[in-house]
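The file data_20.pdb contains PDB, C-alpha atoms:
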MODEL        1
ATOM      1  CA  LYS A  24     -29.689  41.551 -18.854  1.00  0.00           C
ATOM      2  CA  LEU A  25     -28.595  43.262 -22.057  1.00  0.00           C
ATOM      3  CA  SER A  26     -26.427  40.328 -23.081  1.00  0.00           C
ATOM      4  CA  PHE A  27     -29.154  37.833 -22.204  1.00  0.00           C
ATOM      5  CA  ASP A  28     -31.788  39.793 -24.123  1.00  0.00           C
ATOM      6  CA  ASN A  29     -29.580  40.164 -27.207  1.00  0.00           C
ATOM      7  CA  ILE A  30     -28.746  36.469 -27.604  1.00  0.00           C
ATOM      8  CA  LYS A  31     -31.225  34.437 -29.626  1.00  0.00           C
ATOM      9  CA  ALA A  32     -32.208  30.943 -28.468  1.00  0.00           C
ATOM     10  CA  LYS A  33     -31.155  28.109 -30.777  1.00  0.00           C
ATOM     11  CA  ASP A  34     -33.861  25.997 -32.412  1.00  0.00           C
ATOM     12  CA  GLY A  35     -36.584  27.421 -30.183  1.00  0.00           C
ATOM     13  CA  LYS A  36     -34.944  26.085 -27.014  1.00  0.00           C
ATOM     14  CA  LYS A  37     -34.659  27.950 -23.736  1.00  0.00           C
ATOM     15  CA  LYS A  38     -31.513  29.965 -23.231  1.00  0.00           C
ATOM     16  CA  ALA A  39     -29.414  28.417 -20.470  1.00  0.00           C
ATOM     17  CA  VAL A  40     -27.451  30.734 -18.214  1.00  0.00           C
ATOM     18  CA  VAL A  41     -24.856  28.940 -16.120  1.00  0.00           C
ATOM     19  CA  SER A  42     -23.443  30.797 -13.154  1.00  0.00           C
ATOM     20  CA  ASP A  43     -20.848  30.003 -10.572  1.00  0.00           C
ATOM     21  CA  LEU A  44     -22.122  30.457  -7.018  1.00  0.00           C
ATOM     22  CA  ASP A  45     -19.369  31.615  -4.679  1.00  0.00           C
ATOM     23  CA  GLU A  46     -18.570  35.312  -5.036  1.00  0.00           C
ATOM     24  CA  THR A  47     -20.639  35.408  -8.239  1.00  0.00           C
ATOM     25  CA  LEU A  48     -24.189  34.898  -6.973  1.00  0.00           C
ATOM     26  CA  VAL A  49     -23.534  34.386  -3.260  1.00  0.00           C
ATOM     27  CA  ASP A  50     -21.251  36.294  -0.914  1.00  0.00           C
ATOM     28  CA  ASN A  51     -19.076  34.346   1.523  1.00  0.00           C
ATOM     29  CA  GLY A  52     -17.539  37.503   2.981  1.00  0.00           C
ATOM     30  CA  LYS A  53     -18.598  36.581   6.509  1.00  0.00           C
ATOM     31  CA  MET A  54     -16.583  33.368   6.255  1.00  0.00           C
ATOM     32  CA  ALA A  55     -13.547  35.176   4.835  1.00  0.00           C
ATOM     33  CA  GLY A  56     -13.745  37.837   7.549  1.00  0.00           C
ATOM     34  CA  TRP A  57     -13.960  35.171  10.252  1.00  0.00           C
ATOM     35  CA  GLN A  58     -10.900  33.420   8.781  1.00  0.00           C
ATOM     36  CA  ILE A  59      -8.842  36.607   8.756  1.00  0.00           C
ATOM     37  CA  GLU A  60      -9.998  37.700  12.200  1.00  0.00           C
ATOM     38  CA  ASN A  61      -9.160  34.293  13.696  1.00  0.00           C
ATOM     39  CA  GLY A  62      -6.061  33.515  11.624  1.00  0.00           C
ATOM     40  CA  VAL A  63      -7.713  30.398  10.200  1.00  0.00           C
ATOM     41  CA  THR A  64      -6.691  29.110   6.771  1.00  0.00           C
ATOM     42  CA  TYR A  65      -8.975  27.314   4.347  1.00  0.00           C
ATOM     43  CA  SER A  66      -9.808  23.682   5.031  1.00  0.00           C
ATOM     44  CA  SER A  67     -12.537  21.408   3.731  1.00  0.00           C
ATOM     45  CA  ASP A  68     -13.806  20.982   7.292  1.00  0.00           C
ATOM     46  CA  THR A  69     -14.232  24.712   8.009  1.00  0.00           C
ATOM     47  CA  TRP A  70     -15.792  25.263   4.579  1.00  0.00           C
ATOM     48  CA  HIS A  71     -18.233  22.399   5.167  1.00  0.00           C
ATOM     49  CA  LYS A  72     -19.238  23.929   8.514  1.00  0.00           C
ATOM     50  CA  TRP A  73     -19.760  27.275   6.786  1.00  0.00           C
ATOM     51  CA  ALA A  74     -21.973  25.669   4.133  1.00  0.00           C
ATOM     52  CA  GLN A  75     -24.030  23.898   6.789  1.00  0.00           C
ATOM     53  CA  ALA A  76     -24.584  27.218   8.596  1.00  0.00           C
ATOM     54  CA  LYS A  77     -26.443  28.501   5.485  1.00  0.00           C
ATOM     55  CA  GLU A  78     -25.336  32.090   6.131  1.00  0.00           C
ATOM     56  CA  ALA A  79     -24.097  33.041   2.670  1.00  0.00           C
ATOM     57  CA  GLU A  80     -25.818  36.168   1.382  1.00  0.00           C
ATOM     58  CA  ALA A  81     -26.854  37.091  -2.140  1.00  0.00           C
ATOM     59  CA  ILE A  82     -24.622  39.362  -4.190  1.00  0.00           C
ATOM     60  CA  PRO A  83     -26.640  42.539  -4.937  1.00  0.00           C
ATOM     61  CA  GLY A  84     -28.718  41.979  -8.083  1.00  0.00           C
ATOM     62  CA  ALA A  85     -28.085  38.223  -8.265  1.00  0.00           C
ATOM     63  CA  VAL A  86     -31.565  37.103  -7.212  1.00  0.00           C
ATOM     64  CA  GLU A  87     -33.200  39.687  -9.456  1.00  0.00           C
ATOM     65  CA  PHE A  88     -31.082  38.626 -12.456  1.00  0.00           C
ATOM     66  CA  SER A  89     -31.817  34.937 -11.861  1.00  0.00           C
ATOM     67  CA  LYS A  90     -35.549  35.660 -11.715  1.00  0.00           C
ATOM     68  CA  TYR A  91     -35.278  37.798 -14.864  1.00  0.00           C
ATOM     69  CA  VAL A  92     -33.662  34.930 -16.795  1.00  0.00           C
ATOM     70  CA  ASN A  93     -36.327  32.433 -15.716  1.00  0.00           C
ATOM     71  CA  GLU A  94     -39.182  34.869 -16.416  1.00  0.00           C
ATOM     72  CA  ASN A  95     -37.896  35.826 -19.886  1.00  0.00           C
ATOM     73  CA  GLY A  96     -37.430  32.588 -21.788  1.00  0.00           C
ATOM     74  CA  GLY A  97     -34.343  31.276 -20.061  1.00  0.00           C
ATOM     75  CA  LYS A  98     -33.280  28.868 -17.375  1.00  0.00           C
ATOM     76  CA  MET A  99     -30.719  29.513 -14.649  1.00  0.00           C
ATOM     77  CA  PHE A 100     -28.244  26.802 -13.689  1.00  0.00           C
ATOM     78  CA  TYR A 101     -26.204  27.215 -10.539  1.00  0.00           C
ATOM     79  CA  ILE A 102     -22.817  25.497 -10.472  1.00  0.00           C
ATOM     80  CA  SER A 103     -20.182  25.133  -7.809  1.00  0.00           C
ATOM     81  CA  ASN A 104     -17.082  23.136  -7.006  1.00  0.00           C
ATOM     82  CA  ARG A 105     -18.538  22.517  -3.571  1.00  0.00           C
ATOM     83  CA  SER A 106     -18.833  18.946  -2.300  1.00  0.00           C
ATOM     84  CA  HIS A 107     -22.049  17.077  -3.059  1.00  0.00           C
ATOM     85  CA  LYS A 108     -22.420  16.329   0.660  1.00  0.00           C
ATOM     86  CA  GLU A 109     -23.352  20.021   1.001  1.00  0.00           C
ATOM     87  CA  PHE A 110     -26.146  19.831  -1.603  1.00  0.00           C
ATOM     88  CA  ASP A 111     -29.094  20.146   0.796  1.00  0.00           C
ATOM     89  CA  ALA A 112     -27.559  23.046   2.727  1.00  0.00           C
ATOM     90  CA  ILE A 113     -26.644  24.928  -0.462  1.00  0.00           C
ATOM     91  CA  LYS A 114     -30.116  24.371  -1.913  1.00  0.00           C
ATOM     92  CA  GLU A 115     -31.826  25.561   1.287  1.00  0.00           C
ATOM     93  CA  ASN A 116     -29.570  28.636   1.486  1.00  0.00           C
ATOM     94  CA  LEU A 117     -30.295  29.599  -2.144  1.00  0.00           C
ATOM     95  CA  ILE A 118     -34.051  29.121  -1.770  1.00  0.00           C
ATOM     96  CA  ALA A 119     -34.094  31.175   1.452  1.00  0.00           C
ATOM     97  CA  LEU A 120     -32.302  33.985  -0.415  1.00  0.00           C
ATOM     98  CA  GLY A 121     -35.006  33.946  -3.100  1.00  0.00           C
ATOM     99  CA  PHE A 122     -33.196  32.291  -6.016  1.00  0.00           C
ATOM    100  CA  PRO A 123     -35.756  30.713  -8.367  1.00  0.00           C
ATOM    101  CA  GLU A 124     -36.104  27.065  -9.350  1.00  0.00           C
ATOM    102  CA  VAL A 125     -33.268  25.611  -7.284  1.00  0.00           C
ATOM    103  CA  THR A 126     -33.627  21.878  -7.949  1.00  0.00           C
ATOM    104  CA  GLU A 127     -31.574  18.757  -8.504  1.00  0.00           C
ATOM    105  CA  GLU A 128     -31.623  19.658 -12.199  1.00  0.00           C
ATOM    106  CA  THR A 129     -30.496  23.280 -11.851  1.00  0.00           C
ATOM    107  CA  LEU A 130     -28.034  23.078  -8.930  1.00  0.00           C
ATOM    108  CA  LEU A 131     -24.952  21.380 -10.317  1.00  0.00           C
ATOM    109  CA  LEU A 132     -21.989  20.593  -8.119  1.00  0.00           C
ATOM    110  CA  VAL A 133     -19.751  19.685 -11.047  1.00  0.00           C
ATOM    111  CA  LYS A 134     -18.776  21.718 -14.121  1.00  0.00           C
ATOM    112  CA  GLU A 135     -20.811  20.888 -17.195  1.00  0.00           C
ATOM    113  CA  THR A 136     -20.832  22.447 -20.611  1.00  0.00           C
ATOM    114  CA  SER A 137     -23.342  22.355 -23.419  1.00  0.00           C
ATOM    115  CA  ASP A 138     -23.811  24.034 -26.781  1.00  0.00           C
ATOM    116  CA  LYS A 139     -27.065  25.530 -25.515  1.00  0.00           C
ATOM    117  CA  ILE A 140     -25.241  27.675 -22.948  1.00  0.00           C
ATOM    118  CA  VAL A 141     -25.465  31.320 -23.984  1.00  0.00           C
ATOM    119  CA  MET A 142     -23.780  32.936 -20.973  1.00  0.00           C
ATOM    120  CA  LEU A 143     -21.362  31.939 -18.236  1.00  0.00           C
ATOM    121  CA  LEU A 144     -21.116  33.994 -15.046  1.00  0.00           C
ATOM    122  CA  GLY A 145     -18.143  33.585 -12.739  1.00  0.00           C
ATOM    123  CA  ASP A 146     -15.602  35.222 -10.487  1.00  0.00           C
ATOM    124  CA  ASN A 147     -12.517  33.405 -11.774  1.00  0.00           C
ATOM    125  CA  LEU A 148     -11.220  32.812 -15.295  1.00  0.00           C
ATOM    126  CA  ASP A 149     -11.286  29.094 -14.473  1.00  0.00           C
ATOM    127  CA  ASP A 150     -15.088  29.309 -14.338  1.00  0.00           C
ATOM    128  CA  PHE A 151     -15.021  29.831 -18.120  1.00  0.00           C
ATOM    129  CA  ASP A 152     -12.175  27.635 -19.326  1.00  0.00           C
ATOM    130  CA  SER A 153     -10.220  24.984 -17.425  1.00  0.00           C
ATOM    131  CA  GLU A 154      -7.377  25.316 -19.969  1.00  0.00           C
ATOM    132  CA  ILE A 155      -5.866  28.093 -17.850  1.00  0.00           C
ATOM    133  CA  ARG A 156      -6.268  26.470 -14.437  1.00  0.00           C
ATOM    134  CA  LYS A 157      -3.227  27.129 -12.225  1.00  0.00           C
ATOM    135  CA  LYS A 158      -1.479  29.061 -15.004  1.00  0.00           C
ATOM    136  CA  GLY A 159       0.505  32.216 -14.381  1.00  0.00           C
ATOM    137  CA  ASN A 160      -0.928  35.666 -15.006  1.00  0.00           C
ATOM    138  CA  GLU A 161       0.988  36.043 -18.282  1.00  0.00           C
ATOM    139  CA  GLU A 162      -0.743  32.988 -19.790  1.00  0.00           C
ATOM    140  CA  ARG A 163      -4.083  34.053 -18.323  1.00  0.00           C
ATOM    141  CA  ILE A 164      -3.755  37.524 -19.891  1.00  0.00           C
ATOM    142  CA  LYS A 165      -2.947  35.967 -23.291  1.00  0.00           C
ATOM    143  CA  HIS A 166      -5.999  33.732 -22.983  1.00  0.00           C
ATOM    144  CA  VAL A 167      -8.251  36.697 -22.188  1.00  0.00           C
ATOM    145  CA  ASP A 168      -6.787  38.699 -25.084  1.00  0.00           C
ATOM    146  CA  LYS A 169      -7.404  35.768 -27.452  1.00  0.00           C
ATOM    147  CA  ASN A 170     -11.028  35.457 -26.289  1.00  0.00           C
ATOM    148  CA  LYS A 171     -11.745  39.136 -25.555  1.00  0.00           C
ATOM    149  CA  VAL A 172     -14.839  39.281 -27.767  1.00  0.00           C
ATOM    150  CA  GLU A 173     -16.541  36.809 -25.386  1.00  0.00           C
ATOM    151  CA  TYR A 174     -15.908  38.831 -22.197  1.00  0.00           C
ATOM    152  CA  GLY A 175     -18.782  41.065 -21.208  1.00  0.00           C
ATOM    153  CA  VAL A 176     -21.049  39.240 -23.664  1.00  0.00           C
ATOM    154  CA  LYS A 177     -20.870  35.474 -23.106  1.00  0.00           C
ATOM    155  CA  TYR A 178     -18.402  35.462 -20.206  1.00  0.00           C
ATOM    156  CA  ILE A 179     -19.531  37.792 -17.437  1.00  0.00           C
ATOM    157  CA  VAL A 180     -16.771  38.257 -14.843  1.00  0.00           C
ATOM    158  CA  PHE A 181     -17.474  39.336 -11.281  1.00  0.00           C
ATOM    159  CA  PRO A 182     -14.610  40.699  -9.184  1.00  0.00           C
ATOM    160  CA  ASN A 183     -13.553  38.478  -6.307  1.00  0.00           C
ATOM    161  CA  PRO A 184     -11.005  40.191  -4.062  1.00  0.00           C
ATOM    162  CA  MET A 185     -11.144  37.386  -1.475  1.00  0.00           C
ATOM    163  CA  TYR A 186      -9.555  34.447  -3.301  1.00  0.00           C
ATOM    164  CA  GLY A 187      -8.858  32.991  -6.716  1.00  0.00           C
ATOM    165  CA  ASP A 188      -6.156  31.863  -9.064  1.00  0.00           C
ATOM    166  CA  TRP A 189      -5.143  35.510  -9.546  1.00  0.00           C
ATOM    167  CA  GLU A 190      -3.381  35.224  -6.159  1.00  0.00           C
ATOM    168  CA  GLY A 191      -0.707  33.044  -7.729  1.00  0.00           C
ATOM    169  CA  GLY A 192       0.294  35.896  -9.989  1.00  0.00           C
ATOM    170  CA  LEU A 193       0.804  38.316  -7.123  1.00  0.00           C
ATOM    171  CA  TYR A 194       3.499  36.479  -5.194  1.00  0.00           C
ATOM    172  CA  LYS A 195       6.507  34.500  -6.336  1.00  0.00           C
ATOM    173  CA  ASP A 196       5.965  30.746  -5.847  1.00  0.00           C
ATOM    174  CA  TYR A 197       2.606  31.404  -4.184  1.00  0.00           C
ATOM    175  CA  TRP A 198       1.229  27.913  -4.851  1.00  0.00           C
ATOM    176  CA  LYS A 199       4.272  26.341  -3.153  1.00  0.00           C
ATOM    177  CA  LYS A 200       3.730  28.245   0.079  1.00  0.00           C
ATOM    178  CA  THR A 201       2.063  26.776   3.161  1.00  0.00           C
ATOM    179  CA  PRO A 202      -1.511  27.820   3.999  1.00  0.00           C
ATOM    180  CA  GLU A 203      -0.122  29.930   6.854  1.00  0.00           C
ATOM    181  CA  GLU A 204       2.332  31.714   4.526  1.00  0.00           C
ATOM    182  CA  LYS A 205      -0.474  32.399   2.042  1.00  0.00           C
ATOM    183  CA  LEU A 206      -2.657  33.800   4.822  1.00  0.00           C
ATOM    184  CA  GLU A 207       0.183  36.085   5.939  1.00  0.00           C
ATOM    185  CA  LEU A 208       0.712  37.371   2.372  1.00  0.00           C
ATOM    186  CA  ARG A 209      -3.021  38.042   1.984  1.00  0.00           C
ATOM    187  CA  TYR A 210      -3.077  39.810   5.363  1.00  0.00           C
ATOM    188  CA  LYS A 211      -0.138  42.019   4.359  1.00  0.00           C
ATOM    189  CA  SER A 212      -1.933  42.899   1.098  1.00  0.00           C
ATOM    190  CA  LEU A 213      -4.955  44.157   3.014  1.00  0.00           C
TER     191      LEU A 213
ENDMDL
END
Let me see the file written as structure tokens.
Amino acid sequence: KLSFDNIKAKDGKKKAVVSDLDETLVDNGKMAGWQIENGVTYSSDTWHKWAQAKEAEAIPGAVEFSKYVNENGGKMFYISNRSHKEFDAIKENLIALGFPEVTEETLLLVKETSDKIVMLLGDNLDDFDSEIRKKGNEERIKHVDKNKVEYGVKYIVFPNPMYGDWEGGLYKDYWKKTPEEKLELRYKSL
């Protein structure tokens, strides 16, 4: 809220706040717990079934922050890398949780950027800059150091202990491992 309040709108326009959904505004912990408990790795099919169940919960404070933005001269945009075939289920889940103004205009299932964006909220460095996608932790750290003035002000990072590109930095050749090997490494880390 402090960052949002302290940024001035350009040319009298609304301030756009773009936020990632998964593990930033909504919690998919139930899905992750089910996967671990049942030894099931990620697949598009299981994720699609999860989305259709509409059981994701709001991260504490997420609904309140989204309402605050919309009630104080801004506009929330919700983005996700989820498949467009899940649009209706995602929209219904968000509305049921109390997120404001979830529409075809504000729920974006592709990454978009614009000069009017004043804040980006996400749980993965890739949510802010695709330049570091699938890069090692050393390159990711350099990127954060180079852009450190933006973090905590324009780029708001939420911790995501369940999954993310940070995993690749924890284990040698992580991205070359099978889904079962990755699951075993994650299990051992717990």
Selection result for the PyMOL selection byres ((chain A and resi 52) around 12) on this file, as number ranges by chain: A: 45-47, 49-51, 53-60, 73, 78-82, 183-186
Quick one: pull the distance between CA of Ser106 (chain A) and CA of Gln75 (chain A), Å, one decimal.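 Interatomic distance here is 11.6 Å.
The neighbours of region 93-104 of chain A here are the residues that come within 7 Å of it, using all atoms listed in the file and leaving out any residue fewer than 3 positions away in the same chain; they are Lys37, Lys38, Ala39, Val40, Val41, Ser42, Asp43, Leu44, Ser89, Lys90, Thr129, Leu130, Leu131, Leu132, Val133 and Lys134 of chain A.
When only C-alpha atoms are used to compute distances to Leu208 (chain A), the closest of the residues A:Gly35, A:Gly191, A:Gly121, A:Gly145 turns out to be A:Gly191.
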Find the distance between CA of Gly175 (chain A) and CA of Asp28 (chain A) and write it in Å to one decimal.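 Going from CA of Gly175 (chain A) over to CA of Asp28 (chain A), I get 13.4 Å.
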Using the chain letters and numbers from the file, which residues does the PyMOL selection byres ((chain A and resi 29) around 12) grab, as a PDB file with C-alpha atoms, in the frame of the given file?
ATOM      1  CA  LYS A  24     -29.689  41.551 -18.854  1.00  0.00           C
ATOM      2  CA  LEU A  25     -28.595  43.262 -22.057  1.00  0.00           C
ATOM      3  CA  SER A  26     -26.427  40.328 -23.081  1.00  0.00           C
ATOM      4  CA  PHE A  27     -29.154  37.833 -22.204  1.00  0.00           C
ATOM      5  CA  ASP A  28     -31.788  39.793 -24.123  1.00  0.00           C
ATOM      6  CA  ILE A  30     -28.746  36.469 -27.604  1.00  0.00           C
ATOM      7  CA  LYS A  31     -31.225  34.437 -29.626  1.00  0.00           C
ATOM      8  CA  ALA A  32     -32.208  30.943 -28.468  1.00  0.00           C
ATOM      9  CA  LYS A  38     -31.513  29.965 -23.231  1.00  0.00           C
ATOM     10  CA  ASN A  95     -37.896  35.826 -19.886  1.00  0.00           C
ATOM     11  CA  VAL A 141     -25.465  31.320 -23.984  1.00  0.00           C
ATOM     12  CA  MET A 142     -23.780  32.936 -20.973  1.00  0.00           C
ATOM     13  CA  VAL A 176     -21.049  39.240 -23.664  1.00  0.00           C
ATOM     14  CA  LYS A 177     -20.870  35.474 -23.106  1.00  0.00           C
TER      15      LYS A 177
END
Can you tell me how far CA of Lys157 (chain A) sits from CA of Asp188 (chain A), in Å to one decimal?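 Computed distance, CA of Lys157 (chain A) to CA of Asp188 (chain A), equals 6.4 Å.
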Here is a test: counting only C-alpha atoms, which residue of A:Glu190, A:Lys77, A:Val180, A:Glu173 is nearest to Leu206 (chain A)? A:Glu190
Once the PyMOL selection byres ((chain A and resi 160) around 10) has been applied to the shown file, what residues remain in the selection, as a ChimeraX atom specification? /A:155,157-159,161-166,188-193
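Each of A:Ala76, A:Asp150, A:Glu128, A:Ala85 was checked against Glu115 (chain A) using only C-alpha atoms; the smallest atom-to-atom distance is that of A:Ala76.
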